[in-house]
Each structure stands twice: as C-alpha cells, then as structure tokens.
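Report on one structure; see the data block that follows.
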Amino acid sequence: MIQRIQISKAEQGVLILALGHRMYVEKAFNLALSIRATSPSMHITLVHSNNISELSVEQRFIFNKLIECDSAYYTLDDGTKSFIKAKLYLDKITPYKKTIFLDADMVVSPYKTIHTLFEQLNGQEFAMICRGEDRDFSQWVDAEEVCKNYNIEKYYDCSSEFMYFESTDIFEDARIIHDEITDGKIWFRKFANGLPDEPPIIIAMLRKFGKPFQVPFKPSYWQPVERDLKTPDVWNDFYLLSMGGKVNDVRVVKVYNNIVKWYSDKIGVTSFKHTDKQAILAERKTM
C-alpha cells in the first residue's frame, strides 16, 4: 500500500482541478502519478466536484489532500454550471502559500521535476504560460477591443493550463473583470456554458504588470502550436506534455499513454488511458 506523504505545513504544492466529467478525474490521477514518480515529496491537492467515486483507495493515496470544490465557484447566476469559472477562485481554493496550478490533462516529463519549477519561479507573484504577443485576434475575445476597453498596451497569447502564484490579487480582479465581460463590456466567445477563464485572468495580469513575467514562457509542449518533435526532444525541452484541446494527434496520444503506463508500472498503481474530449464532452464537439 502506498503511504500518503504528510507535510505539517504545506508551504508549496501542486493544485489540480477535476470538476464535472469523470474523465478529468482520470487525467488528474495520471498527472499526479507522474508528479509522484518524478518529485516523490511534492504535495498534491485534487479539487473535485464529488466525482471521484471510481478512484480506488490506493489511487486516492497518490494525492496528499482531496478538496470538494464549493459549487458557488462554478455556478452562474442562472444556476447553470460552468466548471471553468472555478479557476477564478484558485486563490481561495489553494491550501498553499506557493502554488503551481496544472490542468488535469497534462503529464510531467520523466527528465524534469516540479521542484525545479518552484525554484525557478520562487518570488514571482504570478506567472502563466505565454506563447507570445497576440496579433489582433484571440480565440475567446477581440484583442484590440480588450486593449481599448481595459487600457492595455498589448494583449498576449497566454494559457491558464499552467499558473504559478503566491499571495496575489490577480484572481480577485479577474472575478470582477469576468462579471464586467459577461455583463456586456466586450465581446466574447461562449464556451462550456460561460466565459472562458483565460481572458479575465490575462487582463488582470496585464493591468497589474503590463506584460507577462517572461515572453515566451512555455513549460508545456502542446502539439497544435509547437513544431512536431521526436519524443526525447519533447521530454528534454519541456516540463510537461499537454493533452489540451478537443482532439489530439494519434502520435501524441501514443506518447502520453506510453509514459503514463511507465509511471504506473514504476509506482505500482493502475492508471487510465487517454480519451479525446470530443468523444464525450458536448462543449468539445466543435472547439
């Protein structure tokens, strides 16, 4: 039986959200397995929506802490559930002073450690993935309209699949911006019943700091925006492999399944195979 690592004072740790469909719980477990294999002492918290019944006792012991998310964090005013909204409350959810948030559908490189990322980002109030300056269009908002209405010089192509934060008011500001946008301040593309989390967070970050802490900052490999690499290069050049998006290239799926199986064999706990979101999630049929 795996022994859960007890840390008396959780100064830092990894936070993973797995809300809604059980697929996110499966992916969160695979991610935690990769963290446990590469950073055995890392503290890991899983935030769920009472959807973890399929995890065995042994699988649950991969996590140090299990937290049921407050439903108010993902429920809209009309009662509709929009699970992506919960990312705007990470400052309230996290049990850590220093947090790395990771989307569930990622896996850690066998050549890297999350400890190293904490060392590199120590002292930064807030950081998120940045792929560069957005030209004149974002998938979710009109970049030019954002700059005009929020007095921002440039809009950046950022992703919330990886975020690092210490004590910050970024999320508090993002919640205010979320309400402004949904009330009609600017145009946005609706997704998963609501406003995607990234525009409010990016705007809050840019209003406070002017730009991301590093441009570009890409700890994860996401095949749609990166060049095709041989597997060793993916693991050597990036900390994480991302399986984000509605569907993944078959080659990337093979790489993911192979490394997850390797971690599973190393730790001795059963893992889960990848399933494309498009096959099971209504909001992923087209995006």
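Chain labels run A, B, ... following the order of the structure tokens; each chain numbers its residues from 1, and ligands are numbered from 1 in the order shown.
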
Need to verify the contact set: Ser242 in chain A, 6 Å, only C-alpha atoms, exclusion of same-chain residues closer than 5 positions in sequence. Can you return it as a ChimeraX atom specification? /A:106,221-222

Emit the selected residues as a PDB file, in the first residue's frame, including N, CA and C atoms.
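Writing the result to selection.pdb gives the following:
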ATOM      1  N   MET A 106      -2.503  16.894 -18.346  1.00  0.00           N
ATOM      2  CA  MET A 106      -1.075  17.069 -18.586  1.00  0.00           C
ATOM      3  C   MET A 106      -0.334  15.911 -17.929  1.00  0.00           C
ATOM      4  N   TYR A 221       4.581  21.342 -23.559  1.00  0.00           N
ATOM      5  CA  TYR A 221       4.519  21.089 -25.000  1.00  0.00           C
ATOM      6  C   TYR A 221       3.071  20.828 -25.383  1.00  0.00           C
ATOM      7  N   TRP A 222       2.552  21.671 -26.294  1.00  0.00           N
ATOM      8  CA  TRP A 222       1.209  21.471 -26.833  1.00  0.00           C
ATOM      9  C   TRP A 222       1.350  21.400 -28.344  1.00  0.00           C
TER      10      TRP A 222
END

Discussion item. Neighbouring residues of range 37-51 of chain A were defined as those with any atom within 6 Å, considering only C-alpha atoms; residues of the same chain fewer than 2 positions away were excluded. Please report them as a VMD selection string.
Written reply: chain A and resid 13 to 19 34 to 35 53 63 to 69 113

- Query: For Gly268 in chain A, which residue out of A:Tyr150, A:Tyr89, A:Met163, A:Glu58 is the nearest one, using only C-alpha atoms?
  - Reply: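 Among A:Tyr150, A:Tyr89, A:Met163, A:Glu58, it is A:Glu58 that comes nearest to Gly268 in chain A.
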
In range 68-202 of chain A, what's helix (DSSP H, G or I) per DSSP? Answer as number ranges by chain? A: 71-73, 83-93, 114-121, 143-150, 170-182, 198-202

Review point. Near Ser82 in chain A, within 9 Å and counting only C-alpha atoms, which residues show up once chain neighbours fewer than 2 positions away are dropped, as a list in words?
Key: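 Result of the neighbour search: Tyr73, Tyr74, Thr75, Leu76, Thr80, Ile84, Lys85, Ala86, Phe191, Ala192, Asn193, Gly194 and Leu195 of chain A.
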
Could you turn the residues from that selection into a file that holds C-alpha atoms, as a short mmCIF file (atom, residue, chain, number, x, y, z; two decimals), in the first residue's frame?
data_model
loop_
_atom_site.label_atom_id
_atom_site.label_comp_id
_atom_site.auth_asym_id
_atom_site.auth_seq_id
_atom_site.Cartn_x
_atom_site.Cartn_y
_atom_site.Cartn_z
CA TYR A 73 -17.30 28.78 -7.63
CA TYR A 74 -18.66 27.13 -10.78
CA THR A 75 -22.35 28.03 -10.69
CA LEU A 76 -23.59 31.01 -12.71
CA THR A 80 -26.05 26.86 -14.83
CA ILE A 84 -14.05 26.56 -15.97
CA LYS A 85 -15.14 29.52 -13.83
CA ALA A 86 -13.65 27.79 -10.78
CA PHE A 191 -17.57 28.15 -24.09
CA ALA A 192 -18.71 25.42 -21.67
CA ASN A 193 -21.77 27.49 -20.69
CA GLY A 194 -19.86 30.65 -19.88
CA LEU A 195 -16.88 32.93 -20.35
#

One-decimal distance in Å that lies between CA of Ile181 in chain A and CA of Asp77 in chain A: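 Atom-to-atom, CA of Asp77 in chain A to CA of Ile181 in chain A, that is 14.2 Å.
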
Check: From the list A:Ile259, A:Gly245, A:Asp169, A:Gly132, which residue is nearest Pro232 in chain A when using only C-alpha atoms?
Finding: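 With only C-alpha atoms as the atom set, the closest residue is A:Ile259.
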
Excluding Pro212 in chain A and any residue of its chain fewer than 3 positions from it, enumerate the residues within 9 Å of it, using only C-alpha atoms, and give them as a list in words.
->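 Using only C-alpha atoms, the neighbours found are Phe126, Ala127, Met128, Ile129, Cys130, Tyr156, Cys158, Ile202, Met205, Leu206, Phe209, Val215, Pro216 and Phe217 of chain A.
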
Just the selected residues (N, CA and C atoms), exported as a PDB file, in the first residue's frame, please.
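Result file is out-v6.pdb:
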ATOM      1  N   PHE A 126       2.954  36.124  -9.730  1.00  0.00           N
ATOM      2  CA  PHE A 126       2.053  35.404 -10.623  1.00  0.00           C
ATOM      3  C   PHE A 126       2.759  35.127 -11.944  1.00  0.00           C
ATOM      4  N   ALA A 127       2.538  33.942 -12.481  1.00  0.00           N
ATOM      5  CA  ALA A 127       3.079  33.589 -13.796  1.00  0.00           C
ATOM      6  C   ALA A 127       2.148  32.594 -14.459  1.00  0.00           C
ATOM      7  N   MET A 128       2.024  32.714 -15.774  1.00  0.00           N
ATOM      8  CA  MET A 128       1.250  31.742 -16.536  1.00  0.00           C
ATOM      9  C   MET A 128       1.927  31.530 -17.884  1.00  0.00           C
ATOM     10  N   ILE A 129       1.547  30.482 -18.565  1.00  0.00           N
ATOM     11  CA  ILE A 129       2.111  30.204 -19.878  1.00  0.00           C
ATOM     12  C   ILE A 129       1.873  31.391 -20.792  1.00  0.00           C
ATOM     13  N   CYS A 130       2.910  31.762 -21.545  1.00  0.00           N
ATOM     14  CA  CYS A 130       2.789  32.828 -22.535  1.00  0.00           C
ATOM     15  C   CYS A 130       3.471  32.373 -23.814  1.00  0.00           C
ATOM     16  N   TYR A 156      -1.612  39.434 -24.859  1.00  0.00           N
ATOM     17  CA  TYR A 156      -0.684  38.334 -25.061  1.00  0.00           C
ATOM     18  C   TYR A 156      -1.423  37.004 -25.136  1.00  0.00           C
ATOM     19  N   CYS A 158      -1.779  33.808 -23.891  1.00  0.00           N
ATOM     20  CA  CYS A 158      -1.428  33.103 -22.664  1.00  0.00           C
ATOM     21  C   CYS A 158      -2.392  31.949 -22.415  1.00  0.00           C
ATOM     22  N   ILE A 202      -5.894  36.977 -17.875  1.00  0.00           N
ATOM     23  CA  ILE A 202      -4.879  37.680 -18.669  1.00  0.00           C
ATOM     24  C   ILE A 202      -5.024  39.188 -18.511  1.00  0.00           C
ATOM     25  N   MET A 205      -3.800  40.299 -15.145  1.00  0.00           N
ATOM     26  CA  MET A 205      -2.339  40.249 -15.112  1.00  0.00           C
ATOM     27  C   MET A 205      -1.735  41.438 -15.848  1.00  0.00           C
ATOM     28  N   LEU A 206      -2.267  41.750 -17.038  1.00  0.00           N
ATOM     29  CA  LEU A 206      -1.713  42.837 -17.844  1.00  0.00           C
ATOM     30  C   LEU A 206      -2.007  44.201 -17.224  1.00  0.00           C
ATOM     31  N   PHE A 209       0.737  44.217 -14.262  1.00  0.00           N
ATOM     32  CA  PHE A 209       2.160  44.134 -14.575  1.00  0.00           C
ATOM     33  C   PHE A 209       2.539  44.687 -15.949  1.00  0.00           C
ATOM     34  N   VAL A 215       8.349  36.403 -21.749  1.00  0.00           N
ATOM     35  CA  VAL A 215       7.757  36.203 -23.074  1.00  0.00           C
ATOM     36  C   VAL A 215       8.820  35.654 -24.017  1.00  0.00           C
ATOM     37  N   PRO A 216       8.683  34.426 -24.519  1.00  0.00           N
ATOM     38  CA  PRO A 216       7.628  33.470 -24.153  1.00  0.00           C
ATOM     39  C   PRO A 216       8.001  32.709 -22.886  1.00  0.00           C
ATOM     40  N   PHE A 217       7.009  32.057 -22.312  1.00  0.00           N
ATOM     41  CA  PHE A 217       7.214  31.156 -21.183  1.00  0.00           C
ATOM     42  C   PHE A 217       6.384  29.917 -21.464  1.00  0.00           C
TER      43      PHE A 217
END

List as a PDB file with N, CA and C atoms, in the first residue's frame the protein and nucleic acid residues near Leu55 in chain A, meaning an atom at most 12 Å away when only C-alpha atoms are counted, but skip any in the same chain fewer than 3 places from it.
ATOM      1  N   ARG A  22     -16.050  12.562 -15.155  1.00  0.00           N
ATOM      2  CA  ARG A  22     -15.048  11.708 -14.512  1.00  0.00           C
ATOM      3  C   ARG A  22     -13.752  11.614 -15.309  1.00  0.00           C
ATOM      4  N   MET A  23     -13.795  11.916 -16.614  1.00  0.00           N
ATOM      5  CA  MET A  23     -12.584  11.894 -17.430  1.00  0.00           C
ATOM      6  C   MET A  23     -11.508  12.795 -16.837  1.00  0.00           C
ATOM      7  N   TYR A  24     -11.916  13.939 -16.267  1.00  0.00           N
ATOM      8  CA  TYR A  24     -10.942  14.857 -15.691  1.00  0.00           C
ATOM      9  C   TYR A  24     -10.307  14.266 -14.432  1.00  0.00           C
ATOM     10  N   VAL A  25     -11.067  13.447 -13.711  1.00  0.00           N
ATOM     11  CA  VAL A  25     -10.508  12.768 -12.544  1.00  0.00           C
ATOM     12  C   VAL A  25      -9.454  11.761 -12.991  1.00  0.00           C
ATOM     13  N   GLU A  26      -9.746  11.032 -14.058  1.00  0.00           N
ATOM     14  CA  GLU A  26      -8.786  10.061 -14.582  1.00  0.00           C
ATOM     15  C   GLU A  26      -7.492  10.746 -15.015  1.00  0.00           C
ATOM     16  N   LYS A  27      -7.637  11.861 -15.719  1.00  0.00           N
ATOM     17  CA  LYS A  27      -6.455  12.579 -16.186  1.00  0.00           C
ATOM     18  C   LYS A  27      -5.692  13.209 -15.012  1.00  0.00           C
ATOM     19  N   ALA A  28      -6.429  13.703 -14.035  1.00  0.00           N
ATOM     20  CA  ALA A  28      -5.784  14.278 -12.856  1.00  0.00           C
ATOM     21  C   ALA A  28      -4.978  13.211 -12.116  1.00  0.00           C
ATOM     22  N   PHE A  29      -5.512  11.999 -12.050  1.00  0.00           N
ATOM     23  CA  PHE A  29      -4.771  10.917 -11.408  1.00  0.00           C
ATOM     24  C   PHE A  29      -3.494  10.609 -12.176  1.00  0.00           C
ATOM     25  N   ASN A  30      -3.586  10.515 -13.507  1.00  0.00           N
ATOM     26  CA  ASN A  30      -2.389  10.259 -14.313  1.00  0.00           C
ATOM     27  C   ASN A  30      -1.335  11.335 -14.087  1.00  0.00           C
ATOM     28  N   LEU A  46      -6.001  17.540  -4.982  1.00  0.00           N
ATOM     29  CA  LEU A  46      -7.015  17.369  -6.017  1.00  0.00           C
ATOM     30  C   LEU A  46      -8.295  18.051  -5.564  1.00  0.00           C
ATOM     31  N   HIS A  48     -12.177  18.448  -6.479  1.00  0.00           N
ATOM     32  CA  HIS A  48     -13.157  17.678  -7.244  1.00  0.00           C
ATOM     33  C   HIS A  48     -14.569  18.202  -6.998  1.00  0.00           C
ATOM     34  N   ASN A  50     -17.235  16.061  -6.186  1.00  0.00           N
ATOM     35  CA  ASN A  50     -17.871  14.831  -5.715  1.00  0.00           C
ATOM     36  C   ASN A  50     -18.027  13.825  -6.852  1.00  0.00           C
ATOM     37  N   ASN A  51     -16.964  13.728  -7.693  1.00  0.00           N
ATOM     38  CA  ASN A  51     -16.982  12.861  -8.868  1.00  0.00           C
ATOM     39  C   ASN A  51     -15.802  11.886  -8.867  1.00  0.00           C
ATOM     40  N   ILE A  52     -15.333  11.514  -7.681  1.00  0.00           N
ATOM     41  CA  ILE A  52     -14.125  10.692  -7.590  1.00  0.00           C
ATOM     42  C   ILE A  52     -14.406   9.264  -7.129  1.00  0.00           C
ATOM     43  N   GLU A  58      -6.286   3.038  -3.031  1.00  0.00           N
ATOM     44  CA  GLU A  58      -4.867   3.118  -3.365  1.00  0.00           C
ATOM     45  C   GLU A  58      -4.593   4.285  -4.309  1.00  0.00           C
ATOM     46  N   GLN A  59      -5.466   4.507  -5.283  1.00  0.00           N
ATOM     47  CA  GLN A  59      -5.292   5.613  -6.212  1.00  0.00           C
ATOM     48  C   GLN A  59      -5.432   6.955  -5.495  1.00  0.00           C
ATOM     49  N   ARG A  60      -6.330   7.040  -4.537  1.00  0.00           N
ATOM     50  CA  ARG A  60      -6.523   8.294  -3.809  1.00  0.00           C
ATOM     51  C   ARG A  60      -5.296   8.657  -2.985  1.00  0.00           C
ATOM     52  N   PHE A  61      -4.519   7.660  -2.584  1.00  0.00           N
ATOM     53  CA  PHE A  61      -3.345   7.922  -1.775  1.00  0.00           C
ATOM     54  C   PHE A  61      -2.212   8.572  -2.563  1.00  0.00           C
ATOM     55  N   ILE A  62      -2.360   8.667  -3.888  1.00  0.00           N
ATOM     56  CA  ILE A  62      -1.383   9.417  -4.680  1.00  0.00           C
ATOM     57  C   ILE A  62      -1.454  10.905  -4.333  1.00  0.00           C
ATOM     58  N   PHE A  63      -2.658  11.348  -3.942  1.00  0.00           N
ATOM     59  CA  PHE A  63      -2.861  12.742  -3.561  1.00  0.00           C
ATOM     60  C   PHE A  63      -2.642  12.911  -2.055  1.00  0.00           C
ATOM     61  N   LEU A  66      -7.574  15.933  -0.650  1.00  0.00           N
ATOM     62  CA  LEU A  66      -8.745  15.936  -1.525  1.00  0.00           C
ATOM     63  C   LEU A  66      -9.703  17.003  -1.016  1.00  0.00           C
ATOM     64  N   VAL A 269       0.581   1.366  -9.385  1.00  0.00           N
ATOM     65  CA  VAL A 269      -0.847   1.680  -9.265  1.00  0.00           C
ATOM     66  C   VAL A 269      -1.439   1.792 -10.667  1.00  0.00           C
ATOM     67  N   THR A 270      -2.605   1.255 -10.871  1.00  0.00           N
ATOM     68  CA  THR A 270      -3.246   1.269 -12.187  1.00  0.00           C
ATOM     69  C   THR A 270      -3.574   2.682 -12.640  1.00  0.00           C
ATOM     70  N   SER A 271      -3.275   2.984 -13.918  1.00  0.00           N
ATOM     71  CA  SER A 271      -3.539   4.304 -14.486  1.00  0.00           C
ATOM     72  C   SER A 271      -4.681   4.222 -15.493  1.00  0.00           C
ATOM     73  N   PHE A 272      -4.923   5.333 -16.207  1.00  0.00           N
ATOM     74  CA  PHE A 272      -6.017   5.404 -17.175  1.00  0.00           C
ATOM     75  C   PHE A 272      -5.481   5.791 -18.549  1.00  0.00           C
TER      76      PHE A 272
END

note - CA of Asn248 in chain A and CA of Arg36 in chain A are separated by 24.8 Å

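CA of Ile203 in chain A is positioned 7.9 Å from CA of Val146 in chain A.
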
As a short mmCIF file (atom, residue, chain, number, x, y, z; two decimals) with N, CA and C atoms, in the first residue's frame, please: the residues near Lys148 in chain A (cut-off 12 Å, only C-alpha atoms, same-chain neighbours under 5 positions excluded).
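This went into result-v4.cif:
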data_model
loop_
_atom_site.label_atom_id
_atom_site.label_comp_id
_atom_site.auth_asym_id
_atom_site.auth_seq_id
_atom_site.Cartn_x
_atom_site.Cartn_y
_atom_site.Cartn_z
N ASP A 142 -11.78 39.71 -28.66
CA ASP A 142 -11.12 40.54 -29.66
C ASP A 142 -10.01 41.32 -28.96
N ALA A 143 -8.76 41.02 -29.31
CA ALA A 143 -7.62 41.59 -28.60
C ALA A 143 -7.61 43.12 -28.68
N GLU A 153 -1.74 48.03 -23.30
CA GLU A 153 -0.94 48.31 -24.49
C GLU A 153 -0.92 47.14 -25.47
N LYS A 154 -0.74 45.94 -24.95
CA LYS A 154 -0.68 44.75 -25.79
C LYS A 154 -1.42 43.60 -25.11
N TYR A 155 -2.04 42.77 -25.93
CA TYR A 155 -2.66 41.55 -25.42
C TYR A 155 -1.74 40.39 -25.77
N LYS A 185 -19.43 44.26 -21.45
CA LYS A 185 -18.41 45.29 -21.68
C LYS A 185 -17.66 45.06 -22.98
N ILE A 186 -17.34 43.80 -23.29
CA ILE A 186 -16.69 43.46 -24.56
C ILE A 186 -17.29 42.16 -25.09
N ILE A 203 -6.25 39.69 -18.58
CA ILE A 203 -6.49 41.13 -18.45
C ILE A 203 -6.05 41.61 -17.07
#

The residue from A:Gly244, A:Pro110, A:Pro200, A:Gly123 with the smallest atom-to-atom distance to Lys98 in chain A, counting only C-alpha atoms, is A:Gly123

- Please, which residues of range 10-227 of chain A, numbered as in this document, come out strand (DSSP E) from DSSP, as a PyMOL selection string? chain A and resi 12-18+44-48+65-68+98-102+106-108+126-133+156-165+220-221

Self-check item: Selected residue, from A:Gln12, A:Asn257, A:Thr231, A:Ser159, that lies nearest to Asn122 in chain A when counting only C-alpha atoms
Solution: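 Smallest separation from Asn122 in chain A among the options: A:Gln12.
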